[in-house]
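See below for query26.txt, which holds compact mmCIF, C-alpha atoms and all ligand atoms.
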```
# COMPACT_ATOMS: atom_id res chain seq x y z
CA MET W 1 0.00 0.00 0.00
CA ALA W 2 1.26 3.51 -0.86
CA ARG W 3 2.58 5.49 2.07
CA PRO W 4 0.19 8.18 3.34
CA ARG W 5 0.85 11.57 1.79
CA ILE W 6 1.12 14.25 4.45
CA LEU W 7 1.69 17.98 4.67
CA LEU W 8 3.78 19.56 7.43
CA ALA W 9 2.46 23.12 7.53
CA ARG W 10 5.68 24.68 8.92
CA PRO W 11 9.40 24.00 9.18
CA LEU W 12 9.90 21.82 12.30
CA PRO W 13 12.84 20.62 14.43
CA ASP W 14 15.16 18.40 12.35
CA ALA W 15 14.43 15.23 14.33
CA VAL W 16 10.69 15.64 13.71
CA THR W 17 11.15 16.22 9.98
CA ALA W 18 13.48 13.21 9.72
CA ARG W 19 11.00 10.89 11.45
CA ALA W 20 8.14 12.21 9.32
CA HIS W 21 10.14 11.29 6.19
CA ASP W 22 10.77 7.80 7.63
CA LEU W 23 7.05 7.26 8.13
CA PHE W 24 5.29 9.07 5.29
CA ASP W 25 5.47 10.63 1.87
CA VAL W 26 6.09 14.18 3.12
CA GLU W 27 5.56 17.64 1.73
CA GLN W 28 6.86 20.39 4.02
CA ARG W 29 6.12 24.07 3.64
CA ALA W 30 9.16 26.33 3.82
CA ALA W 31 7.14 29.32 5.06
CA ASN W 32 6.65 30.15 8.72
CA THR W 33 3.38 31.92 7.98
CA ALA W 34 -0.14 30.57 8.48
CA LEU W 35 -1.68 28.57 5.65
CA THR W 36 -3.75 30.74 3.32
CA ARG W 37 -7.37 29.76 2.62
CA ALA W 38 -6.32 28.57 -0.83
CA GLU W 39 -3.56 26.42 0.70
CA MET W 40 -5.97 24.98 3.27
CA CYS W 41 -8.47 24.06 0.56
CA SER W 42 -5.87 22.49 -1.71
CA SER W 43 -4.20 20.63 1.16
CA LEU W 44 -7.52 19.01 2.13
CA VAL W 45 -7.75 17.71 -1.43
CA LEU W 46 -4.11 16.70 -1.97
CA TYR W 47 -3.01 15.04 1.29
CA ASP W 48 -4.14 12.12 3.46
CA GLY W 49 -3.07 13.97 6.59
CA ILE W 50 -2.02 17.49 7.57
CA MET W 51 -0.01 18.71 10.55
CA PRO W 52 -1.39 22.25 10.99
CA THR W 53 -0.63 24.59 13.86
CA LEU W 54 -1.55 27.91 15.48
CA GLY W 55 -2.86 30.37 12.89
CA ASP W 56 -4.13 27.78 10.39
CA LEU W 57 -7.80 28.66 10.54
CA PHE W 58 -9.62 25.47 9.56
CA ASP W 59 -13.13 26.88 10.08
CA ALA W 60 -16.46 25.39 8.99
CA PRO W 61 -16.62 27.23 5.60
CA ILE W 62 -13.30 25.62 4.58
CA PHE W 63 -14.69 22.13 5.17
CA ASP W 64 -17.98 23.09 3.43
CA GLU W 65 -16.04 24.31 0.41
CA ILE W 66 -14.23 21.00 0.00
CA GLY W 67 -17.17 18.71 0.67
CA ASN W 68 -15.46 15.34 0.33
CA PRO W 69 -11.81 15.74 1.32
CA ARG W 70 -9.00 13.28 0.67
CA CYS W 71 -7.57 14.40 4.03
CA LYS W 72 -8.77 12.26 6.93
CA LEU W 73 -6.53 13.60 9.72
CA LEU W 74 -5.57 17.01 11.08
CA ALA W 75 -2.80 16.22 13.59
CA ASN W 76 -2.41 19.62 15.22
CA PHE W 77 1.04 20.65 16.42
CA GLY W 78 0.09 22.15 19.80
CA VAL W 79 -2.43 21.55 22.56
CA GLY W 80 -4.59 24.62 21.78
CA TYR W 81 -6.93 23.91 18.87
CA ASN W 82 -9.31 26.89 18.85
CA HIS W 83 -8.21 27.57 15.24
CA ILE W 84 -9.84 24.30 14.11
CA ASP W 85 -13.60 23.73 14.02
CA VAL W 86 -13.44 20.17 15.33
CA GLU W 87 -17.19 19.50 14.90
CA ALA W 88 -17.15 20.68 11.27
CA ALA W 89 -14.07 18.54 10.58
CA ARG W 90 -15.69 15.50 12.15
CA ALA W 91 -18.84 16.04 10.06
CA ARG W 92 -16.63 15.63 6.96
CA GLY W 93 -15.02 12.47 8.32
CA ILE W 94 -11.81 14.17 9.44
CA THR W 95 -10.23 13.17 12.76
CA VAL W 96 -8.49 15.94 14.74
CA THR W 97 -5.72 15.31 17.30
CA ASN W 98 -3.52 17.59 19.43
CA THR W 99 -0.38 17.36 21.59
CA PRO W 100 -1.34 17.66 25.28
CA GLY W 101 1.20 16.97 27.99
CA ALA W 102 4.26 17.74 25.85
CA VAL W 103 3.63 21.46 26.39
CA THR W 104 2.62 21.52 30.07
CA ASP W 105 5.84 22.19 31.99
CA ALA W 106 7.31 24.65 29.50
CA THR W 107 4.10 26.70 29.45
CA ALA W 108 3.90 26.66 33.25
CA ASP W 109 7.51 27.86 33.31
CA ILE W 110 6.61 30.80 31.06
CA ALA W 111 3.74 31.63 33.42
CA MET W 112 6.25 31.77 36.30
CA THR W 113 8.57 33.91 34.15
CA LEU W 114 5.74 36.38 33.55
CA ILE W 115 4.57 36.34 37.18
CA LEU W 116 8.05 37.23 38.37
CA MET W 117 8.78 39.71 35.58
CA SER W 118 5.49 41.55 36.07
CA ALA W 119 5.46 41.55 39.88
CA ARG W 120 9.13 42.51 40.19
CA ARG W 121 9.11 44.96 37.26
CA ALA W 122 11.91 43.07 35.50
CA GLY W 123 11.15 44.28 31.97
CA GLU W 124 10.93 47.88 33.08
CA GLY W 125 14.19 47.54 35.02
CA GLU W 126 15.94 45.94 32.07
CA ARG W 127 14.82 48.78 29.79
CA LEU W 128 16.12 51.29 32.36
CA VAL W 129 19.57 49.70 32.41
CA ARG W 130 19.76 49.32 28.62
CA ALA W 131 18.78 52.95 28.14
CA GLY W 132 21.69 54.03 30.35
CA ASN W 133 19.25 55.72 32.74
CA TRP W 134 19.97 53.75 35.92
CA THR W 135 21.22 56.11 38.60
CA GLY W 136 22.05 53.40 41.18
CA TRP W 137 20.50 51.38 44.01
CA ASN W 138 18.47 53.11 46.68
CA PRO W 139 16.04 51.80 49.32
CA THR W 140 12.90 52.91 47.45
CA GLN W 141 14.00 52.22 43.88
CA MET W 142 11.50 50.40 41.62
CA LEU W 143 9.52 48.69 44.35
CA GLY W 144 7.43 45.80 43.06
CA LEU W 145 5.10 43.16 44.48
CA HIS W 146 6.73 40.52 46.71
CA VAL W 147 5.62 37.17 45.26
CA THR W 148 6.52 34.64 47.99
CA GLY W 149 3.54 33.74 50.16
CA LYS W 150 0.96 35.60 48.08
CA ARG W 151 -2.38 34.28 46.79
CA ILE W 152 -2.56 33.00 43.23
CA GLY W 153 -5.87 32.64 41.37
CA ILE W 154 -5.80 30.25 38.42
CA VAL W 155 -8.53 30.40 35.79
CA GLY W 156 -8.60 26.87 34.30
CA MET W 157 -7.18 24.11 36.51
CA GLY W 158 -6.24 21.66 33.76
CA ARG W 159 -2.78 20.31 32.97
CA ILE W 160 -1.06 23.70 32.71
CA GLY W 161 -3.10 25.33 35.49
CA GLN W 162 -2.11 22.53 37.87
CA ALA W 163 1.55 22.72 36.84
CA ILE W 164 1.50 26.47 37.60
CA ALA W 165 -0.27 25.86 40.92
CA ARG W 166 2.34 23.26 41.96
CA ARG W 167 5.17 25.66 41.20
CA CYS W 168 3.44 28.43 43.15
CA HIS W 169 2.60 26.21 46.14
CA HIS W 170 5.83 24.23 46.46
CA GLY W 171 8.26 26.84 45.14
CA PHE W 172 6.82 30.10 46.43
CA GLY W 173 4.68 29.13 49.44
CA MET W 174 1.63 30.67 47.78
CA SER W 175 -1.98 29.83 48.57
CA VAL W 176 -3.93 28.63 45.54
CA GLY W 177 -7.45 29.47 44.37
CA TYR W 178 -8.90 28.35 41.07
CA MET W 179 -11.87 28.39 38.73
CA ALA W 180 -12.75 25.44 36.50
CA ARG W 181 -15.91 23.79 35.26
CA SER W 182 -15.49 20.85 37.61
CA ASP W 183 -14.00 20.14 41.04
CA LYS W 184 -10.44 18.79 40.98
CA GLN W 185 -8.75 16.10 43.04
CA LEU W 186 -5.42 17.84 43.66
CA ASP W 187 -2.27 16.78 45.49
CA PHE W 188 -1.84 20.29 46.98
CA PRO W 189 -4.23 22.56 48.90
CA ALA W 190 -6.46 24.72 46.68
CA THR W 191 -9.84 26.40 46.97
CA ARG W 192 -12.32 26.47 44.10
CA ALA W 193 -14.04 29.83 43.49
CA ASP W 194 -17.60 30.15 42.18
CA SER W 195 -16.74 32.65 39.47
CA VAL W 196 -13.79 34.36 37.82
CA THR W 197 -14.86 37.62 39.47
CA ASP W 198 -14.79 36.06 42.95
CA LEU W 199 -11.42 34.50 42.20
CA ALA W 200 -10.07 37.84 40.92
CA ALA W 201 -11.27 39.71 43.99
CA GLY W 202 -9.20 37.52 46.31
CA ALA W 203 -6.03 37.09 44.23
CA ASP W 204 -2.74 38.97 44.23
CA ILE W 205 -1.92 37.32 40.91
CA LEU W 206 -4.56 36.05 38.46
CA VAL W 207 -3.34 33.58 35.82
CA ILE W 208 -5.34 32.58 32.76
CA ALA W 209 -4.96 28.92 31.73
CA VAL W 210 -8.25 28.05 29.96
CA PRO W 211 -8.49 27.15 26.25
CA GLY W 212 -9.45 29.92 23.83
CA GLY W 213 -12.56 29.89 21.65
CA ALA W 214 -16.21 30.95 21.73
CA GLU W 215 -16.88 29.63 25.26
CA THR W 216 -14.10 31.58 26.94
CA ARG W 217 -13.95 34.69 24.73
CA HIS W 218 -13.54 37.78 26.95
CA LEU W 219 -14.02 35.69 30.09
CA VAL W 220 -11.75 38.33 31.60
CA GLY W 221 -13.33 41.70 30.80
CA SER W 222 -13.84 44.96 32.63
CA ALA W 223 -15.92 43.38 35.46
CA VAL W 224 -13.13 40.93 36.34
CA LEU W 225 -10.45 43.60 35.99
CA GLU W 226 -12.44 45.89 38.29
CA ALA W 227 -12.75 43.10 40.86
CA MET W 228 -8.95 42.71 41.02
CA PRO W 229 -7.24 44.51 43.91
CA PRO W 230 -5.26 47.55 42.64
CA HIS W 231 -1.90 45.90 43.42
CA ALA W 232 -2.79 42.64 41.61
CA HIS W 233 -1.23 41.35 38.38
CA LEU W 234 -2.92 39.59 35.48
CA ILE W 235 -0.97 36.90 33.61
CA ASN W 236 -2.20 35.35 30.35
CA ILE W 237 -0.41 32.33 28.91
CA ALA W 238 -3.53 30.78 27.36
CA ARG W 239 -5.06 32.52 24.35
CA GLY W 240 -5.39 36.25 23.64
CA ASP W 241 -9.15 36.24 23.10
CA VAL W 242 -9.83 35.07 26.67
CA VAL W 243 -8.95 38.61 27.81
CA ASP W 244 -10.73 41.73 26.51
CA GLU W 245 -7.54 43.47 25.38
CA ALA W 246 -9.16 46.93 25.14
CA ALA W 247 -10.45 46.64 28.72
CA LEU W 248 -6.99 45.51 29.85
CA VAL W 249 -5.30 48.47 28.14
CA ALA W 250 -7.75 50.80 29.93
CA ALA W 251 -7.13 49.17 33.34
CA LEU W 252 -3.35 49.34 32.89
CA THR W 253 -3.37 52.89 31.52
CA GLU W 254 -5.48 54.12 34.44
CA GLY W 255 -3.37 52.16 36.94
CA ARG W 256 -6.39 50.19 38.18
CA ILE W 257 -4.33 47.00 38.44
CA GLY W 258 -0.70 46.51 39.41
CA GLY W 259 0.46 45.15 36.06
CA ALA W 260 0.13 42.40 33.50
CA GLY W 261 2.26 39.76 31.88
CA LEU W 262 1.18 38.52 28.45
CA ASP W 263 2.41 35.72 26.21
CA VAL W 264 -0.63 35.82 23.92
CA TYR W 265 -2.73 38.53 22.22
CA GLU W 266 -6.14 38.93 20.61
CA ARG W 267 -4.80 39.54 17.09
CA GLU W 268 -1.34 37.94 17.03
CA PRO W 269 1.21 39.01 15.96
CA GLU W 270 -0.36 42.45 16.24
CA VAL W 271 0.24 43.95 19.69
CA PRO W 272 -1.58 47.27 20.17
CA GLN W 273 0.66 50.32 20.35
CA ALA W 274 -1.24 51.31 23.52
CA LEU W 275 0.07 48.15 25.22
CA ARG W 276 3.59 48.53 23.85
CA ALA W 277 3.74 52.06 25.25
CA LEU W 278 3.01 50.97 28.82
CA ASP W 279 5.72 50.18 31.37
CA ASN W 280 3.43 48.15 33.66
CA VAL W 281 3.00 45.29 31.20
CA THR W 282 5.46 42.55 30.23
CA LEU W 283 5.07 41.42 26.63
CA LEU W 284 6.42 38.10 25.34
CA PRO W 285 6.04 36.83 21.75
CA HIS W 286 4.08 33.62 22.47
CA LEU W 287 7.09 31.81 23.96
CA GLY W 288 5.13 29.22 26.00
CA THR W 289 6.65 26.13 24.40
CA ALA W 290 9.64 27.73 22.70
CA ALA W 291 12.44 25.30 23.61
CA LEU W 292 13.92 22.82 21.12
CA GLU W 293 13.25 19.72 23.23
CA VAL W 294 9.65 20.80 23.84
CA ARG W 295 8.94 21.57 20.19
CA THR W 296 10.58 18.24 19.30
CA ALA W 297 8.36 16.40 21.80
CA MET W 298 5.29 18.17 20.37
CA GLY W 299 6.23 17.16 16.83
CA MET W 300 6.90 13.55 17.88
CA LEU W 301 3.51 13.38 19.59
CA ALA W 302 1.80 14.77 16.49
CA LEU W 303 3.61 12.07 14.46
CA ASP W 304 2.57 9.39 17.00
CA ASN W 305 -1.02 10.46 16.34
CA MET W 306 -0.48 10.27 12.59
CA ALA W 307 1.30 6.91 12.74
CA ALA W 308 -1.45 5.34 14.87
CA PHE W 309 -4.21 6.78 12.69
CA PHE W 310 -2.74 5.52 9.43
CA ALA W 311 -2.01 2.11 11.01
CA GLY W 312 -5.74 1.85 11.72
CA GLU W 313 -5.28 2.22 15.49
CA PRO W 314 -6.84 4.84 17.76
CA PRO W 315 -4.53 7.88 17.91
CA PRO W 316 -3.50 8.75 21.49
CA ASN W 317 -4.89 12.30 21.43
CA VAL W 318 -8.18 12.39 19.53
CA LEU W 319 -10.31 15.49 20.20
P1 LIG Q 1 -6.61 21.46 29.73
O1 LIG Q 1 -5.84 20.43 30.48
O2 LIG Q 1 -7.70 21.04 28.84
O3 LIG Q 1 -7.16 22.50 30.83
C1 LIG Q 1 -8.09 23.48 30.55
C2 LIG Q 1 -8.76 23.95 31.83
O4 LIG Q 1 -9.66 25.00 31.49
C3 LIG Q 1 -9.59 22.87 32.54
O5 LIG Q 1 -9.44 23.00 33.93
C4 LIG Q 1 -11.03 23.21 32.14
O6 LIG Q 1 -11.97 22.89 33.13
C5 LIG Q 1 -10.94 24.72 32.05
N1 LIG Q 1 -11.98 25.25 31.16
C6 LIG Q 1 -12.22 24.92 29.87
N2 LIG Q 1 -13.25 25.63 29.40
C7 LIG Q 1 -13.67 26.40 30.41
C8 LIG Q 1 -14.71 27.34 30.54
N3 LIG Q 1 -15.55 27.60 29.52
N4 LIG Q 1 -14.86 27.97 31.74
C9 LIG Q 1 -14.03 27.68 32.77
N5 LIG Q 1 -13.03 26.80 32.70
C10 LIG Q 1 -12.86 26.16 31.54
O7 LIG Q 1 -5.63 22.33 28.82
P2 LIG Q 1 -4.08 22.67 29.05
O8 LIG Q 1 -3.22 21.61 28.47
O9 LIG Q 1 -3.88 23.04 30.49
O10 LIG Q 1 -3.94 23.95 28.11
C11 LIG Q 1 -4.70 25.11 28.35
C12 LIG Q 1 -4.55 26.09 27.20
O11 LIG Q 1 -3.28 26.73 27.27
C13 LIG Q 1 -4.56 25.48 25.81
O12 LIG Q 1 -5.89 25.27 25.34
C14 LIG Q 1 -3.81 26.50 24.97
O13 LIG Q 1 -4.70 27.38 24.34
C15 LIG Q 1 -2.97 27.25 26.00
N6 LIG Q 1 -1.53 27.06 25.74
C16 LIG Q 1 -0.74 28.15 25.50
C17 LIG Q 1 0.60 27.96 25.26
C18 LIG Q 1 1.52 29.11 24.97
O14 LIG Q 1 2.46 28.94 24.19
N7 LIG Q 1 1.34 30.26 25.58
C19 LIG Q 1 1.16 26.67 25.26
C20 LIG Q 1 0.33 25.60 25.52
C21 LIG Q 1 -1.03 25.79 25.77
P3 LIG Q 1 -12.43 21.37 33.40
O15 LIG Q 1 -11.20 20.66 33.86
O16 LIG Q 1 -13.43 21.48 34.47
O17 LIG Q 1 -12.94 20.85 32.09
```

As structure tokens, what does this structure read like?
Ligand code: NAP
Amino acid sequence: MARPRILLARPLPDAVTARAHDLFDVEQRAANTALTRAEMCSSLVLYDGIMPTLGDLFDAPIFDEIGNPRCKLLANFGVGYNHIDVEAARARGITVTNTPGAVTDATADIAMTLILMSARRAGEGERLVRAGNWTGWNPTQMLGLHVTGKRIGIVGMGRIGQAIARRCHHGFGMSVGYMARSDKQLDFPATRADSVTDLAAGADILVIAVPGGAETRHLVGSAVLEAMPPHAHLINIARGDVVDEAALVAALTEGRIGGAGLDVYEREPEVPQALRALDNVTLLPHLGTAALEVRTAMGMLALDNMAAFFAGEPPPNVL
């Protein structure tokens, strides 16, 4: 039987590309940009499987346009899949998989990076030094929020939320509150809040770790931001559309919250000038999983899903 023909939608770590070539008849895009609509349509017709990723907007109209695709598998590179309409894909007989687990620790680490950078004003301090404007240490210079022992509120207590909570509890002696759709059996103390607003009101640091998409769009808007104590920091490592970016800009500009640390944005890679102009926000370019071994593990997991699917076995991470 002919080997399955697959499309890798981006350049990937060498080890992932090499294994893909061992397993399949591979086409790999050289561009690091999202697939265009025309590319998405043609790829559904030309390939048995596609490894898409963030930015490749496989929405319902794409599947409607193709009708009866040759493609039977979208093996997403990444755990977040809000760019793929999974129901619409399934209706056309396309299985969708993702790469949970491989991303958890690295993304939790980036959350800790942002918590510390935002609370301790690390980005602002670094800019001060680089600009040659540092006049020297003094007892009241650049005072930030002490993180050890504070209260963290985590919106979304899934894999990444729990990994953040563990780091905060064991590493920083913090007390943990969370919001999720269901109660969690956890191996550390944590209190579940009834709503994001209640969680925000009692947190020194509020971290967003829910998936993006229609259900969570603007879950954090002006009401939640107003509930936050004025010294509190908002950290978003999940998806940009979970936070109402305009409301966040207003809260930061008016100094209604202590600061924010963002890895994700509503219209990536566009970051509003109003945000870029503010000193009380730390801005990272979606670095959550940006380490070679993590991206390699993600690619290998996506290939595991492809290999199982085309061998007629259940893929490990079907959505
Ligand atoms: P996960 O294990 O599925 O956890 C998601 C959590 O969110 C669960 O606790 C879930 O509650 C909760 N949740 C889902 N929908 C909700 C809603 N409508 N209201 C309240 N809570 C809701 O996912 P994960 O592996 O931790 O990943 C979380 C997200 O992080 C991904 O979807 C992705 O978008 C993002 N991410 C970002 C990066 C980055 O580079 N910055 C990297 C990796 C992942 P239940 O448990 O009760 O269902």

Surrounding residues of region 170-172 of chain W excluding itself and chain neighbours under 3 positions, 7 Å, all atoms listed in the file, as number ranges by chain:
W: 148-149, 166-167

Could you list, as a PyMOL selection string, every residue within 7 Å of region 80-91 of chain W, counting only C-alpha atoms and ignoring same-chain residues fewer than 3 positions away?
chain W and resi 54-60+63+94-96+211-213

Nearby polymer residues, ligand LIG 1 (chain Q), at most 7 Å, all atoms listed in the file, as a ChimeraX atom specification:
/W:78-81,100-101,103-104,107,155-161,179-183,209-212,215-216,237-239,263-264,286-289

Between W:Ile235, W:Ala2, W:Leu128, W:Ala34, which is the closest to Ala108 (chain W) once you count all atoms listed in the file?
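Using all atoms listed in the file, Ala108 (chain W) sits closest to W:Ile235.
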
In Å to one decimal, how far is CA of Arg19 (chain W) from CA of Arg5 (chain W)?
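These two atoms are separated by 14.0 Å.
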
Could you pull the residues within 7 Å of Leu8 (chain W), counting only C-alpha atoms, minus those fewer than 6 positions along the same chain, as a PyMOL selection string?
chain W and resi 27-29+50-52

Name the residues in contact with His218 (chain W) at a cut-off of 8 Å, using all atoms listed in the file, excluding same-chain residues fewer than 4 positions from it; report them as a tab-separated table (two decimals) with C-alpha atoms, in the frame of the given file.
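Written output follows (selection-v1.tsv):
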```tsv
chain	number	residue	atom	x	y	z
W	241	ASP	CA	-9.15	36.24	23.10
W	242	VAL	CA	-9.83	35.07	26.67
W	243	VAL	CA	-8.95	38.61	27.81
W	244	ASP	CA	-10.73	41.73	26.51
```

N, CA and C atoms modelled onto region 82-106 of chain W, as a PDB file, keeping the file's coordinate frame:
```pdb
ATOM      1  N   ASN W  82      -8.167  26.005  19.104  1.00  0.00           N
ATOM      2  CA  ASN W  82      -9.310  26.890  18.850  1.00  0.00           C
ATOM      3  C   ASN W  82      -9.301  27.450  17.419  1.00  0.00           C
ATOM      4  N   HIS W  83      -8.233  27.174  16.654  1.00  0.00           N
ATOM      5  CA  HIS W  83      -8.210  27.570  15.240  1.00  0.00           C
ATOM      6  C   HIS W  83      -8.828  26.501  14.337  1.00  0.00           C
ATOM      7  N   ILE W  84      -9.229  25.374  14.918  1.00  0.00           N
ATOM      8  CA  ILE W  84      -9.840  24.300  14.110  1.00  0.00           C
ATOM      9  C   ILE W  84     -11.274  24.064  14.586  1.00  0.00           C
ATOM     10  N   ASP W  85     -12.219  24.065  13.661  1.00  0.00           N
ATOM     11  CA  ASP W  85     -13.600  23.730  14.020  1.00  0.00           C
ATOM     12  C   ASP W  85     -13.713  22.206  14.022  1.00  0.00           C
ATOM     13  N   VAL W  86     -13.548  21.635  15.204  1.00  0.00           N
ATOM     14  CA  VAL W  86     -13.440  20.170  15.330  1.00  0.00           C
ATOM     15  C   VAL W  86     -14.752  19.491  14.904  1.00  0.00           C
ATOM     16  N   GLU W  87     -15.886  20.090  15.275  1.00  0.00           N
ATOM     17  CA  GLU W  87     -17.190  19.500  14.900  1.00  0.00           C
ATOM     18  C   GLU W  87     -17.344  19.456  13.376  1.00  0.00           C
ATOM     19  N   ALA W  88     -17.008  20.604  12.735  1.00  0.00           N
ATOM     20  CA  ALA W  88     -17.150  20.680  11.270  1.00  0.00           C
ATOM     21  C   ALA W  88     -16.215  19.689  10.586  1.00  0.00           C
ATOM     22  N   ALA W  89     -15.009  19.515  11.143  1.00  0.00           N
ATOM     23  CA  ALA W  89     -14.070  18.540  10.580  1.00  0.00           C
ATOM     24  C   ALA W  89     -14.646  17.132  10.705  1.00  0.00           C
ATOM     25  N   ARG W  90     -15.143  16.836  11.899  1.00  0.00           N
ATOM     26  CA  ARG W  90     -15.690  15.500  12.150  1.00  0.00           C
ATOM     27  C   ARG W  90     -16.859  15.198  11.201  1.00  0.00           C
ATOM     28  N   ALA W  91     -17.675  16.221  10.952  1.00  0.00           N
ATOM     29  CA  ALA W  91     -18.840  16.040  10.060  1.00  0.00           C
ATOM     30  C   ALA W  91     -18.392  15.650   8.645  1.00  0.00           C
ATOM     31  N   ARG W  92     -17.154  16.006   8.288  1.00  0.00           N
ATOM     32  CA  ARG W  92     -16.630  15.630   6.960  1.00  0.00           C
ATOM     33  C   ARG W  92     -15.750  14.394   7.035  1.00  0.00           C
ATOM     34  N   GLY W  93     -15.784  13.709   8.173  1.00  0.00           N
ATOM     35  CA  GLY W  93     -15.020  12.470   8.320  1.00  0.00           C
ATOM     36  C   GLY W  93     -13.549  12.689   8.611  1.00  0.00           C
ATOM     37  N   ILE W  94     -13.217  13.879   9.123  1.00  0.00           N
ATOM     38  CA  ILE W  94     -11.810  14.170   9.440  1.00  0.00           C
ATOM     39  C   ILE W  94     -11.597  14.082  10.952  1.00  0.00           C
ATOM     40  N   THR W  95     -10.610  13.279  11.356  1.00  0.00           N
ATOM     41  CA  THR W  95     -10.230  13.170  12.760  1.00  0.00           C
ATOM     42  C   THR W  95      -9.265  14.304  13.093  1.00  0.00           C
ATOM     43  N   VAL W  96      -9.413  14.883  14.300  1.00  0.00           N
ATOM     44  CA  VAL W  96      -8.490  15.940  14.740  1.00  0.00           C
ATOM     45  C   VAL W  96      -7.804  15.480  16.026  1.00  0.00           C
ATOM     46  N   THR W  97      -6.474  15.656  16.081  1.00  0.00           N
ATOM     47  CA  THR W  97      -5.720  15.310  17.300  1.00  0.00           C
ATOM     48  C   THR W  97      -4.882  16.523  17.716  1.00  0.00           C
ATOM     49  N   ASN W  98      -4.409  16.510  18.963  1.00  0.00           N
ATOM     50  CA  ASN W  98      -3.520  17.590  19.430  1.00  0.00           C
ATOM     51  C   ASN W  98      -2.359  16.997  20.234  1.00  0.00           C
ATOM     52  N   THR W  99      -1.588  17.853  20.905  1.00  0.00           N
ATOM     53  CA  THR W  99      -0.380  17.360  21.590  1.00  0.00           C
ATOM     54  C   THR W  99      -0.356  17.767  23.079  1.00  0.00           C
ATOM     55  N   PRO W 100      -1.328  17.285  23.863  1.00  0.00           N
ATOM     56  CA  PRO W 100      -1.340  17.660  25.280  1.00  0.00           C
ATOM     57  C   PRO W 100      -0.145  17.048  26.007  1.00  0.00           C
ATOM     58  N   GLY W 101       0.151  17.580  27.173  1.00  0.00           N
ATOM     59  CA  GLY W 101       1.200  16.970  27.990  1.00  0.00           C
ATOM     60  C   GLY W 101       2.579  17.451  27.593  1.00  0.00           C
ATOM     61  N   ALA W 102       2.923  17.333  26.299  1.00  0.00           N
ATOM     62  CA  ALA W 102       4.260  17.740  25.850  1.00  0.00           C
ATOM     63  C   ALA W 102       4.527  19.213  26.144  1.00  0.00           C
ATOM     64  N   VAL W 103       3.475  20.000  26.259  1.00  0.00           N
ATOM     65  CA  VAL W 103       3.630  21.460  26.390  1.00  0.00           C
ATOM     66  C   VAL W 103       3.521  21.940  27.843  1.00  0.00           C
ATOM     67  N   THR W 104       3.099  21.064  28.754  1.00  0.00           N
ATOM     68  CA  THR W 104       2.620  21.520  30.070  1.00  0.00           C
ATOM     69  C   THR W 104       3.700  22.249  30.881  1.00  0.00           C
ATOM     70  N   ASP W 105       4.838  21.595  31.096  1.00  0.00           N
ATOM     71  CA  ASP W 105       5.840  22.190  31.990  1.00  0.00           C
ATOM     72  C   ASP W 105       6.424  23.477  31.410  1.00  0.00           C
ATOM     73  N   ALA W 106       6.703  23.460  30.107  1.00  0.00           N
ATOM     74  CA  ALA W 106       7.310  24.650  29.500  1.00  0.00           C
ATOM     75  C   ALA W 106       6.361  25.848  29.597  1.00  0.00           C
TER      76      ALA W 106
END
```
